[in-house]
Amino acid sequence: MLAQELNEQLTKVAGGTPMGELLRRYWHPVMTMQELERDPVLPVRVLGEDLVLFRTEAGSLGLVSKRCPHRGASLEFGFPEGDALRCCYHGWKFDTAGNCIEQPNELDGVDRRARGKLAAAYQVQEMGGLIWAYLGPLPAPLLPRYDLFVREDMDRNIGVTPSLPCNWFATMENSLDPVHLEWLHGHYFNYLMKRKGKPAAINVKKHLQIAFDVFEHGIRKRRLVEGADPQGDDWTRGHPILFPNILAVGASDAPEFQIRVPIDDTHTKVFWYYARPRAAGAKPQTEIPVWENAYKEENGALVVETVNGQDMMAWLTQGEIPNRDVENLVSTDKGILLLRRVVREQMEKVARGEDPLAVVRDEAKNKIIEVPREDYGHYTLSGGMTTSASVADEYTSRKKELSTTK
Ligand code: FES
Ligand SMILES: [Fe+2]
């Protein structure tokens, strides 16, 4: 396959494209619950579709086309009423299934509501402080109950990067690329610290081996670093990407999901989902804090002095859509080749009408899905990776209030 053809296949997310169709077989988080509590009607752009997410006065959730079918005003300026949403312009009223249920000024008595149906209305569910949407064909699969979203013994916080100017697939290739940890988050980080006269941030160890295993929910990655025990969790267990767009990272005492949701071909919304085991006897949190994980400093420079910022810098500096024509893949890129192959196999399954990898339809298997991760590994915050407290603390020390704008 030509590199350009491969690139199109991997990066286009609109409906009708192979990747767009594959992505539409999965649930995706589109907003935090906290944001919708602040404003019950919010615009959402996901998989190249312009939509409006709303909560009705009766408490139902809706996700519908943004364009009002009357004369096109944006429903993001609509207002909830009863169990529906009214367009602000002439008051047409829509239910969560996208039906037009009222056209209040049609005085000639003719019922034209059938013509007012919204172009799209999608299923929405809440889980773990996030609002999840399914944009694919029905019947929808189950929303997978991955452990960190549903465990009752953990407290959580959610960082949001609302719109990162890069294609989502570059973010996933980064997750199948274990050696970047040694360089981007290791030697480069320490170089930045040295220039400031500060101590090294990361205790860097050279990678000796990397390995990948496809399993029921995605691809697990493992690493063996210099001086590490081959019986240790880094090499025997590792941690996975959950198909198609969640990275599970961090040891069991500080686990995290990173969820990379395609906004469109050139923008990605990232949810940085942190869960921490609650201390014995401590009260459960009453609200999940939400904060903005900015990829730029106040002065406009890219954030490079945090692990998250370093990843975002690497993703977006590859270009909005990386040119795979001019890349030079080497032996340590074998995880990237595997990811591309597995993705293309899933596209073929979808084209045959089959469910792709990690689609869950069995209630009995979905009470809670335990995600494999290290209990102790060198390259985890608790396992000796950091030499500076500020690295472990960056997630809370750099947080910014998330602003929601229309
Ligand atoms: S444009 Fe929405 S009711 Fe007229
Ligand atoms: Fe990284």
# chains A, B, ... in the order shown; residues from 1 in each chain; ligands from 1
$ residues_around --residues "region 280-289 of chain A" --least-positions-apart "2" --cutoff "7 Å" --atoms "only C-alpha atoms" --output "PyMOL selection string"
chain A and resi 129+155-158+278+291
$ residues_around --residues "Ala254 (chain A)" --least-positions-apart "4" --cutoff "7 Å" --atoms "only C-alpha atoms" --output "PyMOL selection string"
chain A and resi 250+275-276
$ select_by_dssp --residues "region 93-342 of chain A" --states "helix (DSSP H, G or I)" --output "MDAnalysis selection string"
chainID A and resid 113:116 147:150 168:175 180:195 233:236 307:317 324:326 331:342
$ residues_near_ligand --ligand "ligand 2" --cutoff "9 Å" --atoms "only C-alpha atoms and all ligand atoms" --output "list in words"
Asn174, Ser175, Asp177, Pro178, His180, Leu181, Leu184, His185, Val307, Asn308, Gly309, Gln310, Asp311, Met312 and Ala314 of chain A
$ write_last_selection --atoms "C-alpha atoms" --output "mmCIF file, in the first residue's frame"
data_model
loop_
_atom_site.group_PDB
_atom_site.id
_atom_site.type_symbol
_atom_site.label_atom_id
_atom_site.label_comp_id
_atom_site.auth_asym_id
_atom_site.auth_seq_id
_atom_site.Cartn_x
_atom_site.Cartn_y
_atom_site.Cartn_z
ATOM 1 C CA ASN A 174 3.186 7.234 20.716
ATOM 2 C CA SER A 175 1.668 4.728 23.152
ATOM 3 C CA ASP A 177 6.533 3.328 21.307
ATOM 4 C CA PRO A 178 8.070 2.410 24.685
ATOM 5 C CA HIS A 180 10.417 7.367 23.823
ATOM 6 C CA LEU A 181 10.067 7.206 27.607
ATOM 7 C CA LEU A 184 11.615 12.305 25.626
ATOM 8 C CA HIS A 185 10.728 11.896 29.311
ATOM 9 C CA VAL A 307 5.582 14.362 31.044
ATOM 10 C CA ASN A 308 2.123 15.170 29.603
ATOM 11 C CA GLY A 309 3.404 18.341 27.953
ATOM 12 C CA GLN A 310 6.346 16.490 26.415
ATOM 13 C CA ASP A 311 4.012 13.931 24.852
ATOM 14 C CA MET A 312 1.687 16.625 23.496
ATOM 15 C CA ALA A 314 5.895 15.353 20.308
#
$ residues_around --residues "Ile246 (chain A)" --least-positions-apart "5" --cutoff "8 Å" --atoms "only C-alpha atoms" --output "number ranges by chain"
A: 241, 257-260
$ residues_near_ligand --ligand "ligand 1" --cutoff "7 Å" --atoms "only C-alpha atoms and all ligand atoms" --output "ChimeraX atom specification"
/A:68-73,87-92
$ write_last_selection --atoms "C-alpha atoms" --output "tab-separated table (two decimals), in the first residue's frame"
chain	number	residue	atom	x	y	z
A	68	CYS	CA	-31.58	23.48	13.59
A	69	PRO	CA	-33.51	22.02	10.65
A	70	HIS	CA	-35.73	25.11	10.43
A	71	ARG	CA	-33.30	27.79	9.23
A	72	GLY	CA	-30.02	26.59	10.65
A	73	ALA	CA	-29.47	28.47	13.91
A	87	CYS	CA	-34.17	26.25	19.51
A	88	CYS	CA	-33.58	29.82	20.62
A	89	TYR	CA	-34.54	31.34	17.24
A	90	HIS	CA	-38.22	30.35	16.71
A	91	GLY	CA	-38.79	27.88	19.51
A	92	TRP	CA	-38.93	24.57	17.66
